[in-house]
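Asks: run19.txt is the file, holding compact mmCIF, C-alpha atoms:
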```
# COMPACT_ATOMS: atom_id res chain seq x y z
CA ASP L 1 79.02 28.49 158.63
CA ALA L 2 81.14 26.76 161.30
CA GLY L 3 84.47 28.15 160.09
CA ILE L 4 84.12 26.90 156.52
CA THR L 5 84.78 28.99 153.45
CA GLN L 6 84.40 28.05 149.82
CA SER L 7 85.96 29.71 146.81
CA PRO L 8 84.96 30.87 144.35
CA ARG L 9 81.37 31.53 145.39
CA HIS L 10 80.21 31.85 141.79
CA LYS L 11 81.79 30.65 138.57
CA VAL L 12 80.81 30.53 134.93
CA THR L 13 82.90 28.35 132.68
CA GLU L 14 82.75 26.68 129.31
CA THR L 15 82.35 23.01 128.46
CA GLY L 16 85.68 21.20 128.36
CA THR L 17 87.60 23.52 130.65
CA PRO L 18 89.07 22.38 133.98
CA VAL L 19 87.61 23.85 137.15
CA THR L 20 88.87 23.66 140.74
CA LEU L 21 86.76 24.51 143.75
CA ARG L 22 88.34 25.07 147.14
CA CYS L 23 87.05 24.36 150.62
CA HIS L 24 88.91 25.76 153.61
CA GLN L 25 88.12 25.04 157.28
CA THR L 26 89.43 26.48 160.50
CA GLU L 27 87.87 23.84 162.80
CA ASN L 28 90.60 21.20 162.45
CA HIS L 29 87.93 18.59 161.67
CA ARG L 30 89.15 15.31 160.31
CA TYR L 31 86.42 14.60 157.77
CA MET L 32 85.59 16.76 154.77
CA TYR L 33 82.98 16.21 152.07
CA TRP L 34 81.94 17.56 148.70
CA TYR L 35 78.25 17.48 147.75
CA ARG L 36 76.28 18.75 144.81
CA GLN L 37 72.70 19.96 145.19
CA ASP L 38 70.24 19.81 142.32
CA PRO L 39 66.45 20.23 142.18
CA GLY L 40 64.68 16.94 142.74
CA HIS L 41 67.86 15.18 143.88
CA GLY L 42 68.74 16.89 147.11
CA LEU L 43 72.30 16.65 148.35
CA ARG L 44 74.43 13.97 146.74
CA LEU L 45 77.89 13.03 147.93
CA ILE L 46 80.66 13.38 145.35
CA HIS L 47 83.83 12.57 147.32
CA TYR L 48 84.93 12.69 150.91
CA SER L 49 88.17 12.68 152.87
CA TYR L 50 88.87 11.06 156.23
CA GLY L 51 92.32 12.55 156.63
CA VAL L 52 95.21 14.16 154.79
CA LYS L 53 95.77 12.30 151.53
CA ASP L 54 92.93 9.86 152.40
CA THR L 55 89.94 10.21 150.10
CA ASP L 56 87.12 8.04 148.80
CA LYS L 57 84.31 8.18 146.28
CA GLY L 58 80.71 9.05 146.94
CA GLU L 59 77.62 8.19 144.91
CA VAL L 60 78.22 10.67 142.04
CA SER L 61 82.00 10.76 141.65
CA ASP L 62 82.31 10.29 137.86
CA GLY L 63 83.98 13.33 136.27
CA TYR L 64 85.32 14.64 139.58
CA SER L 65 88.59 14.27 141.44
CA VAL L 66 89.70 15.56 144.84
CA SER L 67 92.86 16.25 146.76
CA ARG L 68 93.66 16.98 150.37
CA SER L 69 97.26 17.90 151.14
CA LYS L 70 96.48 19.77 154.37
CA THR L 71 93.89 19.23 157.10
CA GLU L 72 92.27 22.56 156.37
CA ASP L 73 91.94 22.37 152.57
CA PHE L 74 89.91 20.07 150.34
CA LEU L 75 89.93 20.67 146.59
CA LEU L 76 87.36 19.46 144.08
CA THR L 77 88.42 19.36 140.43
CA LEU L 78 86.27 18.96 137.35
CA GLU L 79 88.87 17.79 134.84
CA SER L 80 86.75 18.70 131.81
CA ALA L 81 83.53 20.44 132.79
CA THR L 82 80.24 19.38 131.20
CA SER L 83 76.83 21.07 131.27
CA SER L 84 75.54 18.27 133.52
CA GLN L 85 77.94 19.51 136.19
CA THR L 86 76.10 22.81 136.45
CA SER L 87 75.05 22.76 140.07
CA VAL L 88 75.52 24.21 143.52
CA TYR L 89 78.46 22.61 145.29
CA PHE L 90 78.70 22.40 149.06
CA CYS L 91 81.60 21.46 151.23
CA ALA L 92 80.94 19.96 154.66
CA ILE L 93 83.07 18.99 157.63
CA SER L 94 82.62 16.66 160.57
CA ASP L 95 84.53 15.19 163.45
CA PRO L 96 83.34 11.80 164.69
CA ALA L 97 85.16 12.25 168.01
CA GLY L 98 82.62 12.76 170.76
CA GLY L 99 80.24 9.97 169.86
CA GLY L 100 78.29 11.28 166.94
CA GLU L 101 78.98 12.57 163.51
CA THR L 102 77.11 15.65 162.41
CA GLN L 103 78.09 17.57 159.35
CA TYR L 104 78.47 21.33 159.06
CA PHE L 105 78.18 22.97 155.68
CA GLY L 106 79.90 25.81 153.90
CA PRO L 107 78.10 28.58 151.99
CA GLY L 108 78.26 26.85 148.61
CA THR L 109 79.66 27.54 145.14
CA ARG L 110 77.31 28.13 142.21
CA LEU L 111 78.81 26.71 139.05
CA LEU L 112 77.40 27.28 135.59
CA VAL L 113 78.90 25.32 132.70
CA LEU L 114 77.96 26.73 129.30
CA GLN A 115 62.45 4.01 145.31
CA LYS A 116 64.66 6.39 147.23
CA GLU A 117 65.92 5.39 150.66
CA VAL A 118 64.57 8.63 152.12
CA GLU A 119 61.37 10.25 150.86
CA GLN A 120 60.40 13.82 151.62
CA ASP A 121 57.52 15.81 150.18
CA PRO A 122 59.09 18.77 148.33
CA GLY A 123 56.13 21.05 148.98
CA PRO A 124 55.97 23.97 148.69
CA LEU A 125 54.17 24.34 152.01
CA SER A 126 52.64 27.70 152.98
CA VAL A 127 51.18 28.34 156.42
CA PRO A 128 50.10 31.50 158.29
CA GLU A 129 52.30 32.98 160.95
CA GLY A 130 51.71 31.43 164.37
CA ALA A 131 50.57 28.07 163.02
CA ILE A 132 52.11 24.73 163.95
CA VAL A 133 54.12 23.27 161.10
CA SER A 134 54.68 19.55 160.61
CA LEU A 135 57.43 18.35 158.29
CA ASN A 136 57.98 14.66 157.63
CA CYS A 137 60.27 12.08 156.09
CA THR A 138 59.83 8.37 155.55
CA TYR A 139 62.65 5.94 155.02
CA SER A 140 63.09 2.35 153.95
CA ASN A 141 66.34 1.29 155.65
CA SER A 142 65.55 0.01 159.14
CA ALA A 143 69.26 0.24 160.05
CA PHE A 144 69.15 4.05 160.23
CA GLN A 145 69.75 5.13 163.82
CA TYR A 146 70.88 8.77 163.68
CA PHE A 147 68.43 11.38 162.43
CA MET A 148 68.98 15.03 161.64
CA TRP A 149 67.07 18.03 160.41
CA TYR A 150 68.82 20.81 158.51
CA ARG A 151 67.44 24.23 157.64
CA GLN A 152 68.59 25.90 154.45
CA TYR A 153 67.83 29.51 153.64
CA SER A 154 67.80 30.57 150.02
CA ARG A 155 71.31 30.71 148.54
CA LYS A 156 72.89 29.52 151.79
CA GLY A 157 74.38 26.27 153.03
CA PRO A 158 72.34 23.86 155.18
CA GLU A 159 72.61 24.44 158.92
CA LEU A 160 72.05 21.72 161.51
CA LEU A 161 68.80 22.26 163.39
CA MET A 162 68.10 19.05 165.31
CA TYR A 163 69.98 15.80 165.95
CA THR A 164 68.42 12.70 167.50
CA TYR A 165 69.51 9.16 168.12
CA SER A 166 67.08 6.24 167.78
CA SER A 167 63.39 6.66 168.63
CA GLY A 168 61.70 9.31 170.72
CA ASN A 169 61.27 13.05 170.90
CA LYS A 170 63.71 15.89 171.29
CA GLU A 171 62.69 19.47 171.95
CA ASP A 172 64.67 22.67 171.41
CA GLY A 173 62.73 25.88 171.86
CA ARG A 174 59.95 26.01 169.28
CA PHE A 175 61.27 22.91 167.48
CA THR A 176 60.47 19.28 168.27
CA ALA A 177 61.98 16.33 166.42
CA GLN A 178 60.18 13.01 166.59
CA VAL A 179 61.40 9.61 165.44
CA ASP A 180 59.16 6.56 165.05
CA LYS A 181 61.44 3.70 164.02
CA SER A 182 58.60 1.16 163.96
CA SER A 183 56.91 3.18 161.20
CA LYS A 184 60.19 4.40 159.65
CA TYR A 185 58.91 7.95 159.97
CA ILE A 186 60.46 11.12 161.33
CA SER A 187 58.89 14.50 161.91
CA LEU A 188 59.88 18.05 162.72
CA PHE A 189 57.31 20.28 164.41
CA ILE A 190 57.63 24.05 164.54
CA ARG A 191 55.40 25.83 167.06
CA ASP A 192 54.40 29.48 166.79
CA SER A 193 55.89 29.66 163.31
CA GLN A 194 57.58 32.91 162.29
CA PRO A 195 58.36 34.43 158.86
CA SER A 196 62.04 33.81 159.70
CA ASP A 197 61.28 30.07 159.63
CA SER A 198 60.70 30.30 155.88
CA ALA A 199 63.35 28.03 154.40
CA THR A 200 63.89 24.59 152.94
CA TYR A 201 64.06 21.82 155.55
CA LEU A 202 66.15 18.73 154.82
CA CYS A 203 66.02 15.50 156.76
CA ALA A 204 69.13 13.33 156.92
CA MET A 205 69.94 10.00 158.48
CA ARG A 206 72.66 7.40 158.80
CA PHE A 207 73.64 4.20 160.56
CA GLY A 208 76.96 3.31 162.13
CA ASN A 209 79.82 5.08 160.40
CA GLU A 210 78.08 5.22 157.04
CA LYS A 211 77.56 8.48 155.22
CA LEU A 212 74.48 10.65 155.56
CA THR A 213 71.49 10.03 153.31
CA PHE A 214 69.45 13.17 152.69
CA GLY A 215 65.86 13.79 151.76
CA THR A 216 65.25 16.19 148.86
CA GLY A 217 63.93 18.92 151.16
CA THR A 218 60.58 20.62 151.82
CA ARG A 219 60.26 24.29 151.00
CA LEU A 220 58.32 26.13 153.70
CA THR A 221 56.89 29.65 153.58
CA ILE A 222 55.38 31.34 156.64
CA ILE A 223 52.90 34.00 155.60
CA PRO A 224 52.79 37.10 157.86
```
Before we go any further, please render this structure as structure tokens.

Replies:
Amino acid sequence: DAGITQSPRHKVTETGTPVTLRCHQTENHRYMYWYRQDPGHGLRLIHYSYGVKDTDKGEVSDGYSVSRSKTEDFLLTLESATSSQTSVYFCAISDPAGGGETQYFGPGTRLLVL
Amino acid sequence: QKEVEQDPGPLSVPEGAIVSLNCTYSNSAFQYFMWYRQYSRKGPELLMYTYSSGNKEDGRFTAQVDKSSKYISLFIRDSQPSDSATYLCAMRFGNEKLTFGTGTRLTIIP
């Protein structure tokens, strides 16, 4: 998984509670991404970061926030979890240096919101 | 209509067969094309990466891009049970973000 870890790997939580997912990389890549994967929708981008403290929204960012205080860590927070946020969450990294951007994915976090 | 369309399958073929997986797209600006393989309960892993039109071969895998038809393909020769996975196509243009297909689930029957 290209030096990417995600924690926790599985989580069950209740509606209305805050949840934070962590992505940690050892590749020193500049870009980091959070996706969610759902049946029939494929991978959808939630938020991404192009450097420390530099983040931007993806196509499904409502209800999510992110932070990146160090190159190696990218946090995804669900401020008040809803059942529609039950999904598998993947972190990805990339480094555009070298002429082409390809993304490498972490192992995923399975989140169930009851 | 989605920008990238991919038949979800499932697709089942006997071991040793040639597998053809395909994606169509609507945005003619796409210029970088990728195929990812995802095993059950794992993250996607990059399998093939091509730029613009043409073919690229890597072992038993061949990626083909036809920009005039807005169609990309992944061929797997001599398919093995270990090739059973979901295959995702992805594409982008310039510095834009990747757009993914929904994935095709493939099973190779021994």

Asks: Could you check the closest approach to Pro195 in chain A for each of A:Asp180, A:Leu135, A:Ser166, A:Thr221 and tell me which residue wins, using only C-alpha atoms?

Replies: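 Looking only at the distances to Pro195 in chain A, the closest residue turns out to be A:Thr221.
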
Asks: Residues of chain L near chain A: apply a cut-off of 6 Å, count all atoms listed in the file, and supply the list as a PyMOL selection string.

Replies: chain L and resi 41-42+105-108

Asks: List the neighbours of Asp56 in chain L out to 7 Å using only C-alpha atoms; skip same-chain residues closer than 6 positions along the sequence, and give me the result as a list in words.

Replies: His47, Tyr48 and Ser49 of chain L

Asks: Print the selection's residues with C-alpha atoms to a file, as a PDB file, in the frame of the given file.

Replies:
```pdb
ATOM      1  CA  HIS L  47      83.830  12.570 147.320  1.00  0.00           C
ATOM      2  CA  TYR L  48      84.930  12.690 150.910  1.00  0.00           C
ATOM      3  CA  SER L  49      88.170  12.680 152.870  1.00  0.00           C
TER       4      SER L  49
END
```

Asks: Hey, can you check how far CA of Gln25 in chain L sits from CA of Arg44 in chain L?

Replies: 20.5 Å

Asks: I'd like the interatomic distance between CA of Lys11 in chain L and CA of Thr26 in chain L, to a tenth of an Å.

Replies: 23.6 Å

Asks: Restrict the calculation to only C-alpha atoms, then for each residue of range 12-43 of chain L with any atom at most 10 Å from an atom of range 68-72 of chain L give the closest atom pair and their distance in Å to one decimal, rows by chain and rising residue number, as JSON lines.

Replies:
```
{"residue": "L:Cys23", "atom": "CA", "partner": "L:Glu72", "partner_atom": "CA", "distance": 8.0}
{"residue": "L:His24", "atom": "CA", "partner": "L:Glu72", "partner_atom": "CA", "distance": 5.4}
{"residue": "L:Gln25", "atom": "CA", "partner": "L:Glu72", "partner_atom": "CA", "distance": 4.9}
{"residue": "L:Thr26", "atom": "CA", "partner": "L:Glu72", "partner_atom": "CA", "distance": 6.4}
{"residue": "L:Glu27", "atom": "CA", "partner": "L:Glu72", "partner_atom": "CA", "distance": 7.9}
{"residue": "L:Asn28", "atom": "CA", "partner": "L:Glu72", "partner_atom": "CA", "distance": 6.5}
{"residue": "L:His29", "atom": "CA", "partner": "L:Thr71", "partner_atom": "CA", "distance": 7.5}
{"residue": "L:Arg30", "atom": "CA", "partner": "L:Thr71", "partner_atom": "CA", "distance": 6.9}
{"residue": "L:Tyr31", "atom": "CA", "partner": "L:Thr71", "partner_atom": "CA", "distance": 8.8}
{"residue": "L:Met32", "atom": "CA", "partner": "L:Thr71", "partner_atom": "CA", "distance": 9.0}
```

Asks: I want to know what sits within 6 Å of Thr176 in chain A, based on only C-alpha atoms, with residues of the same chain fewer than 2 positions away left out; could you give that as a list in words?

Replies: Lys170, Glu171, Leu188 and Phe189 of chain A

Asks: Using only C-alpha atoms, which residue out of L:Leu75, L:Arg22, L:Val12, L:Ser65 lies closest to Ser87 in chain L?

Replies: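 Under the stated criterion, the closest residue is L:Val12.
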
Asks: Between CA of Val127 in chain A and CA of Gln152 in chain A, what distance in Å does the model show, to one decimal?

Replies: 17.7 Å

Asks: Can you pull out the residues contacting Asp62 in chain L? Cut-off 12 Å, using all atoms listed in the file, and skip same-chain residues under 5 positions away; I want them as a list in words.

Replies: Leu45, Ile46, His47, Lys57, Thr77, Leu78, Glu79, Ser80, Ala81, Thr82, Ser84 and Gln85 of chain L

Asks: What would the list of residues within 10 Å of (55.2, 21.6, 159.0) (file frame) look like as a PyMOL selection string, if only C-alpha atoms are what count?

Replies: chain A and resi 125-127+131-136+187-191+193+201+218-221

Asks: Pick out the closest residue to Ile222 in chain A from this set: A:Gln194, A:Asn141, A:Thr200, A:Ser154. Count only C-alpha atoms.

Replies: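 The answer is A:Gln194, which sits nearest to Ile222 in chain A.
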